[in-house]
Structure formats: C-alpha cells, structure tokens
$ cat query_20.csv   # CSV, C-alpha atoms
chain,number,residue,atom,x,y,z
H,28,MET,CA,102.3,-8.9,1.3
H,29,ALA,CA,102.0,-5.6,3.1
H,30,THR,CA,98.6,-4.5,4.2
H,31,GLU,CA,97.4,-1.0,3.5
H,32,SER,CA,97.0,1.1,6.7
H,33,ILE,CA,93.4,2.0,7.3
H,34,ASP,CA,92.6,5.5,8.5
H,35,THR,CA,90.4,5.3,11.6
H,36,SER,CA,90.3,9.0,12.3
H,37,SER,CA,87.1,11.0,12.1
H,38,ALA,CA,86.4,14.7,11.6
H,39,TYR,CA,83.2,14.3,13.7
H,40,LYS,CA,83.7,15.1,17.4
H,41,VAL,CA,81.3,13.6,19.8
H,42,ASP,CA,80.5,15.9,22.8
H,43,TYR,CA,79.4,13.5,25.5
H,44,THR,CA,78.5,16.4,27.7
H,45,SER,CA,76.0,17.9,25.3
H,46,GLU,CA,72.4,18.2,26.5
H,47,ASN,CA,70.9,15.9,23.9
H,48,VAL,CA,73.2,13.1,25.1
H,49,VAL,CA,73.3,13.7,28.9
H,50,ASN,CA,69.5,14.3,29.0
H,51,ALA,CA,68.5,11.7,26.4
H,52,TRP,CA,65.9,10.1,28.7
H,53,GLN,CA,64.5,13.3,30.2
H,54,SER,CA,63.2,16.9,29.5
H,55,LYS,CA,63.2,19.8,31.8
H,56,ARG,CA,60.5,18.5,34.1
H,57,LEU,CA,59.8,14.9,32.9
H,58,HIS,CA,61.6,11.6,32.9
H,59,MET,CA,60.8,8.9,30.4
H,60,ILE,CA,60.6,5.2,31.5
H,61,ARG,CA,60.6,2.4,29.0
H,62,VAL,CA,57.3,0.5,29.1
H,63,GLU,CA,57.8,-3.2,29.8
H,64,VAL,CA,55.1,-5.8,30.2
H,65,GLY,CA,56.2,-6.9,33.7
H,66,ASP,CA,56.6,-3.5,35.3
H,67,GLU,CA,53.8,-3.3,37.9
H,68,ARG,CA,54.3,0.4,38.7
H,69,ILE,CA,53.6,1.3,35.1
H,70,ARG,CA,50.7,-1.1,34.9
H,71,LYS,CA,49.1,0.3,38.0
H,72,ALA,CA,49.5,3.9,36.8
H,73,LEU,CA,48.2,3.2,33.3
H,74,ALA,CA,45.2,1.2,34.7
H,75,GLY,CA,44.2,4.3,36.7
H,76,ILE,CA,44.5,6.6,33.8
H,77,GLN,CA,42.5,4.4,31.4
H,78,GLN,CA,39.6,4.2,33.8
H,79,ASP,CA,38.9,7.9,33.2
H,80,PRO,CA,36.3,8.0,30.4
H,81,VAL,CA,37.3,11.5,29.4
H,82,VAL,CA,40.9,10.5,28.8
H,83,THR,CA,39.9,7.4,27.0
H,84,ALA,CA,37.5,9.3,24.7
H,85,LEU,CA,40.2,11.7,23.7
H,86,ALA,CA,43.0,9.2,23.3
H,87,SER,CA,41.2,6.4,21.5
H,88,SER,CA,38.6,5.9,18.8
H,89,ALA,CA,37.4,2.6,20.4
H,90,ALA,CA,33.9,2.4,21.7
H,91,LEU,CA,33.7,4.1,25.1
H,92,GLN,CA,33.6,1.3,27.7
H,93,PRO,CA,35.4,0.4,31.0
H,94,VAL,CA,38.9,-0.9,30.5
H,95,GLY,CA,39.5,-4.4,31.8
H,96,LYS,CA,42.6,-6.7,32.2
H,97,ILE,CA,42.6,-7.9,28.6
H,98,ASP,CA,42.3,-4.3,27.3
H,99,LEU,CA,45.2,-3.2,29.6
H,100,ASP,CA,47.3,-6.2,28.6
H,101,GLY,CA,46.9,-5.3,24.9
H,102,GLN,CA,47.7,-1.6,25.5
H,103,ILE,CA,50.9,-2.3,27.5
H,104,SER,CA,52.0,-4.9,24.9
H,105,ALA,CA,51.4,-2.5,22.0
H,106,ILE,CA,53.3,0.3,23.8
H,107,SER,CA,56.2,-2.0,24.8
H,108,ASN,CA,56.5,-3.3,21.2
H,109,ALA,CA,56.5,0.2,19.7
H,110,LEU,CA,59.6,1.8,18.2
H,111,LEU,CA,59.7,3.7,21.5
H,112,GLY,CA,57.0,3.3,24.1
H,113,VAL,CA,57.5,5.2,27.4
H,114,ALA,CA,55.7,6.1,30.6
H,115,ILE,CA,55.8,9.8,31.3
H,116,ALA,CA,57.0,10.5,34.9
H,117,LEU,CA,57.8,13.6,36.8
H,118,ARG,CA,61.4,14.2,37.6
H,119,PRO,CA,62.0,14.1,41.4
H,120,GLU,CA,62.5,17.8,41.8
H,121,GLU,CA,59.3,18.5,39.8
H,122,ALA,CA,57.3,15.9,41.9
H,123,LYS,CA,58.4,17.7,45.1
H,124,SER,CA,57.2,21.0,43.8
H,125,ARG,CA,53.7,19.7,42.9
H,126,ALA,CA,51.0,18.7,45.3
H,127,HIS,CA,50.1,15.1,44.6
H,128,PRO,CA,46.5,14.4,43.5
H,129,VAL,CA,44.6,11.9,45.6
H,130,GLY,CA,45.9,8.4,45.2
H,131,HIS,CA,49.6,9.3,44.7
H,132,ASP,CA,52.4,9.0,47.2
H,133,PRO,CA,52.6,12.1,49.4
H,134,ASP,CA,56.1,11.3,50.5
H,135,HIS,CA,57.5,11.4,47.0
H,136,LYS,CA,59.2,8.0,47.5
H,137,SER,CA,57.7,6.4,44.4
H,138,VAL,CA,57.9,7.4,40.8
H,139,VAL,CA,55.0,9.7,39.8
H,140,ILE,CA,53.7,8.4,36.4
H,141,ILE,CA,51.4,10.9,34.7
H,142,GLY,CA,50.9,9.3,31.3
H,143,SER,CA,52.2,7.3,28.4
H,144,MET,CA,53.5,7.9,24.9
H,145,ALA,CA,54.3,5.7,21.9
H,146,LEU,CA,56.0,6.1,18.6
H,147,GLY,CA,55.2,3.4,16.1
H,148,TRP,CA,52.4,1.8,18.2
H,149,GLY,CA,52.6,-2.0,18.2
H,150,GLY,CA,55.9,-2.0,16.3
H,151,LEU,CA,57.1,-1.1,12.9
H,152,SER,CA,57.6,-3.7,10.1
H,153,PRO,CA,61.1,-4.1,8.8
H,154,ARG,CA,59.6,-4.2,5.3
H,155,THR,CA,58.5,-0.6,5.5
H,156,ALA,CA,61.4,0.8,7.7
H,157,HIS,CA,63.0,2.4,4.7
H,158,HIS,CA,60.2,5.0,4.7
H,159,ARG,CA,61.5,6.3,8.0
H,160,THR,CA,58.1,7.3,9.2
H,161,ALA,CA,56.0,6.6,12.3
H,162,SER,CA,52.8,7.8,14.0
H,163,MET,CA,52.7,8.7,17.6
H,164,GLY,CA,50.2,9.0,20.4
H,165,ILE,CA,50.1,10.4,23.9
H,166,THR,CA,47.8,9.8,26.9
H,167,LEU,CA,48.0,12.1,30.0
H,168,ALA,CA,46.1,11.7,33.2
H,169,ARG,CA,43.4,14.5,33.5
H,170,GLU,CA,44.7,15.8,36.8
H,171,TRP,CA,48.1,16.5,35.2
H,172,GLN,CA,46.8,18.3,32.1
H,173,ASP,CA,46.9,22.0,31.6
H,174,ARG,CA,50.5,22.3,33.0
H,175,GLY,CA,52.4,22.1,29.8
H,176,TYR,CA,53.5,18.5,30.4
H,177,GLY,CA,51.9,17.2,27.2
H,178,GLY,CA,53.7,19.6,24.9
H,179,GLU,CA,57.0,19.0,26.7
H,180,ALA,CA,56.6,15.3,26.3
H,181,ILE,CA,55.8,15.5,22.6
H,182,ASN,CA,58.7,17.8,22.0
H,183,TRP,CA,61.0,15.3,23.7
H,184,MET,CA,59.6,12.5,21.5
H,185,LEU,CA,60.1,14.5,18.3
H,186,ASP,CA,63.7,15.2,19.4
H,187,TRP,CA,64.2,11.5,19.9
H,188,ALA,CA,62.5,10.5,16.6
H,189,PHE,CA,64.6,12.9,14.5
H,190,GLY,CA,67.7,13.2,16.5
H,191,HIS,CA,68.3,9.6,17.6
H,192,ALA,CA,66.0,7.3,15.6
H,193,GLY,CA,66.7,8.9,12.2
H,194,LEU,CA,63.1,9.2,11.2
H,195,HIS,CA,62.1,11.6,8.4
H,196,THR,CA,58.4,12.2,9.2
H,197,VAL,CA,56.2,11.8,12.3
H,198,SER,CA,52.4,11.8,12.2
H,199,LEU,CA,49.5,11.8,14.6
H,200,SER,CA,45.7,12.3,14.5
H,201,ALA,CA,42.9,13.7,16.6
H,202,ALA,CA,39.1,13.7,16.5
H,203,ASP,CA,37.8,17.2,15.6
H,204,PHE,CA,36.2,17.5,19.1
H,205,ASN,CA,39.6,17.3,20.7
H,206,GLN,CA,40.2,21.0,20.2
H,207,ARG,CA,42.8,21.4,22.9
H,208,GLY,CA,44.9,18.6,21.3
H,209,ILE,CA,44.5,20.2,17.9
H,210,HIS,CA,45.6,23.6,19.2
H,211,LEU,CA,48.7,22.0,20.9
H,212,TYR,CA,49.8,20.0,17.9
H,213,LYS,CA,49.7,23.1,15.7
H,214,LYS,CA,51.6,25.1,18.3
H,215,LEU,CA,54.3,22.4,18.4
H,216,GLY,CA,54.9,22.6,14.6
H,217,PHE,CA,52.7,19.8,13.2
H,218,ARG,CA,50.9,20.7,10.0
H,219,VAL,CA,47.4,19.6,9.0
H,220,GLU,CA,47.8,17.1,6.2
H,221,GLY,CA,44.3,15.8,5.9
H,222,ARG,CA,40.7,15.5,7.2
H,223,ARG,CA,38.9,12.2,7.1
H,224,ARG,CA,35.2,13.2,7.2
H,225,GLU,CA,32.7,11.6,9.5
H,226,THR,CA,34.9,8.6,10.4
H,227,ILE,CA,34.5,8.8,14.2
H,228,TYR,CA,31.2,8.0,15.8
H,229,PHE,CA,31.0,9.4,19.4
H,230,ASN,CA,28.2,10.5,21.7
H,231,ARG,CA,25.5,10.2,19.1
H,232,GLY,CA,27.4,12.2,16.5
H,233,TRP,CA,29.7,11.8,13.5
H,234,HIS,CA,33.1,13.5,13.7
H,235,ASP,CA,36.1,14.1,11.4
H,236,GLU,CA,39.6,12.8,12.1
H,237,ILE,CA,42.2,15.4,11.6
H,238,GLU,CA,45.6,14.1,10.4
H,239,PHE,CA,48.8,15.9,11.3
H,240,GLY,CA,52.5,15.5,10.3
H,241,ILE,CA,55.9,17.1,10.8
H,242,THR,CA,59.0,16.5,8.6
H,243,GLU,CA,62.6,16.2,9.7
H,244,HIS,CA,63.3,19.5,7.9
H,245,GLU,CA,60.5,21.3,9.7
H,246,TRP,CA,61.8,20.0,13.0
H,247,GLU,CA,65.3,21.2,12.2
H,248,ALA,CA,64.0,24.7,11.4
H,249,LEU,CA,62.1,24.8,14.7
H,250,ARG,CA,65.1,23.7,16.7
H,251,GLN,CA,67.4,25.9,14.4
H,252,ARG,CA,69.9,23.1,14.0
H,253,LYS,CA,71.0,20.4,11.5
H,254,VAL,CA,71.3,16.9,12.9
$ encode --input "query_20.csv" --output "structure tokens"
Amino acid sequence: MATESIDTSSAYKVDYTSENVVNAWQSKRLHMIRVEVGDERIRKALAGIQQDPVVTALASSAALQPVGKIDLDGQISAISNALLGVAIALRPEEAKSRAHPVGHDPDHKSVVIIGSMALGWGGLSPRTAHHRTASMGITLAREWQDRGYGGEAINWMLDWAFGHAGLHTVSLSAADFNQRGIHLYKKLGFRVEGRRRETIYFNRGWHDEIEFGITEHEWEALRQRKV
C-alpha cells in the first residue's frame, strides 16, 4: 500500500540572525543569568542586595527585618522555580564604562550582578497554565538605580514573556509609597488595573497596593510588531 507523501515545507522563514534571537539573553547594557540554587556568585550578590532595608521595603511586603540564610534560601528557590528567574548583570562593555561601587571587582574580572527579576515567582501550576498569565517582580541594588537599568530589564522580560513564552498578560504590583516604581511601570506601558486599599502596613501607616497589567496586544502596539 502506497503511503501518501507528507509536505514538510513551511511558509515561515526563521531568521537566526534577527536581534530577538541573537540577543535572547541580553539587552543593550544588561545580560541575564538564570538563577540556580547552587550558584554562589548569585547568592553572594543577592545577599548583599537584600541586606539593604530600603531595597527590601520597596521590593517586598514582608515585615522589615534583616535577611538571614533561611530567607535567602527561600528567595533563591522561589526565583529558580519561576517560569523565568534571572540575575541581572552588566554586559562586560557596560561594566567597564561604569565605576564600581565599593565591594565590587575593580578589575572587571567577575560578573557584576546588580539585581534579580522573576516572572511567575515560585513557579506556575500546570492546572492554570491555559490562562497564559504571570506576575513579575524586580529587585535592583540601590547603587545601580537611577541609570535606566530597571526599565531596560523589565522591557527585556516583557519581550521574553510575550515573544518567547507565549503569555497573554503580565502583571505586577507596588505599594503606593513606591512612587518611582509606579512612574516607571506606567512609562513602560503597564496600566493601573486596581487599588487594594490599606492592605500594606509599613512604618506606622497603612498603604494601598496598586495593581498593574499589560496585555499581549498592548505590548505588540508598543513594539509595533505582531509576534
């Protein structure tokens, strides 16, 4: 019995030299490193960042307190189990152009990690994967803030979420006292989707949690492309 010939051709042409493939792990100034539990360079960098109470207050709604080994273990585990959890590092050429803050390698021989970022913190359940949605969060060392790295990193994560992971919506949240973060999220295209009143207790006061979201279609419009 003759078998029918199966057409294996495709009208879709993959350009392996396109920027979103060649630079899949990096942006203009940043390089993303997958967070793994046993990576000591990442552990050391994140431990230093989390000991800054200002960074901790803006990145987490947990009661403000020094971060210990158990806390750090839990954080690294949650980031590594995320849909995508990365350490944010400077690309070599960017590291050379920047003076290192105290405590970093002045010879630029080691990777300069400036923060971390997670999409789907702790991991996503297969039972809800069909919704194609995930929340994200970012932590950036204070000495590396106000240089545009945060926005660059978030834009990279959005491109990965919609362009590679096939998500339909991405969300994040911020306390109302994090005005710099709120301004940045709006600037990047996130829309305010809700306000949970007086759900955050901090520094003897009650604060609202602002919820943000961006859809795949909004991202496409911002990038002026259809993926």
$ atom_distance --input "query_20.csv" --atom1 "CA of Gly142 in chain H" --atom2 "CA of Trp233 in chain H"
27.8 Å
$ closest_residue --input "query_20.csv" --among "H:Arg118, H:His210, H:Arg154, H:Arg159" --to "Gln53 in chain H" --atoms "all atoms listed in the file"
H:Arg118
$ residues_around --input "query_20.csv" --residues "Ala114 in chain H" --least-positions-apart "5" --cutoff "9 Å" --atoms "all atoms listed in the file" --output "PyMOL selection string"
chain H and resi 58-62+69+73+140-145
$ residues_near_point --input "query_20.csv" --point "(41.4, 17.4, 25.2)" --cutoff "10 Å" --atoms "only C-alpha atoms" --output "list in words"
Val81, Val82, Ala84, Leu85, Ala86, Leu167, Arg169, Gln172, Asp173, Ala201, Ala202, Phe204, Asn205, Gln206, Arg207, Gly208, Ile209, His210 and Leu211 of chain H
$ closest_residue --input "query_20.csv" --among "H:Ala188, H:Val113, H:Leu99, H:Val64" --to "Ile76 in chain H" --atoms "only C-alpha atoms"
H:Leu99
$ closest_residue --input "query_20.csv" --among "H:Leu111, H:Ala89, H:Leu194, H:Leu117" --to "Leu146 in chain H" --atoms "all atoms listed in the file"
H:Leu111
$ atom_distance --input "query_20.csv" --atom1 "CA of Ser54 in chain H" --atom2 "CA of Gly112 in chain H"
15.9 Å
$ atom_distance --input "query_20.csv" --atom1 "CA of His158 in chain H" --atom2 "CA of Gly177 in chain H"
26.9 Å
$ closest_residue --input "query_20.csv" --among "H:Gln92, H:Ser32, H:Leu215, H:Asp203" --to "Ala180 in chain H" --atoms "all atoms listed in the file"
H:Leu215
$ closest_residue --input "query_20.csv" --among "H:Trp52, H:Leu91, H:Ile103, H:Thr196" --to "Asp66 in chain H" --atoms "all atoms listed in the file"
H:Ile103
$ closest_residue --input "query_20.csv" --among "H:Ile115, H:Ala192, H:Ile106, H:Met163" --to "Glu179 in chain H" --atoms "all atoms listed in the file"
H:Ile115
$ residues_around --input "query_20.csv" --residues "Gly193 in chain H" --least-positions-apart "4" --cutoff "10 Å" --atoms "only C-alpha atoms" --output "list in words"
Arg159, Thr160, Trp187, Ala188, Phe189, Glu243 and Val254 of chain H
$ residues_near_point --input "query_20.csv" --point "(37.3, 17.2, 7.1)" --cutoff "12 Å" --atoms "only C-alpha atoms" --output "ChimeraX atom specification"
/H:201-203,219-227,233-238
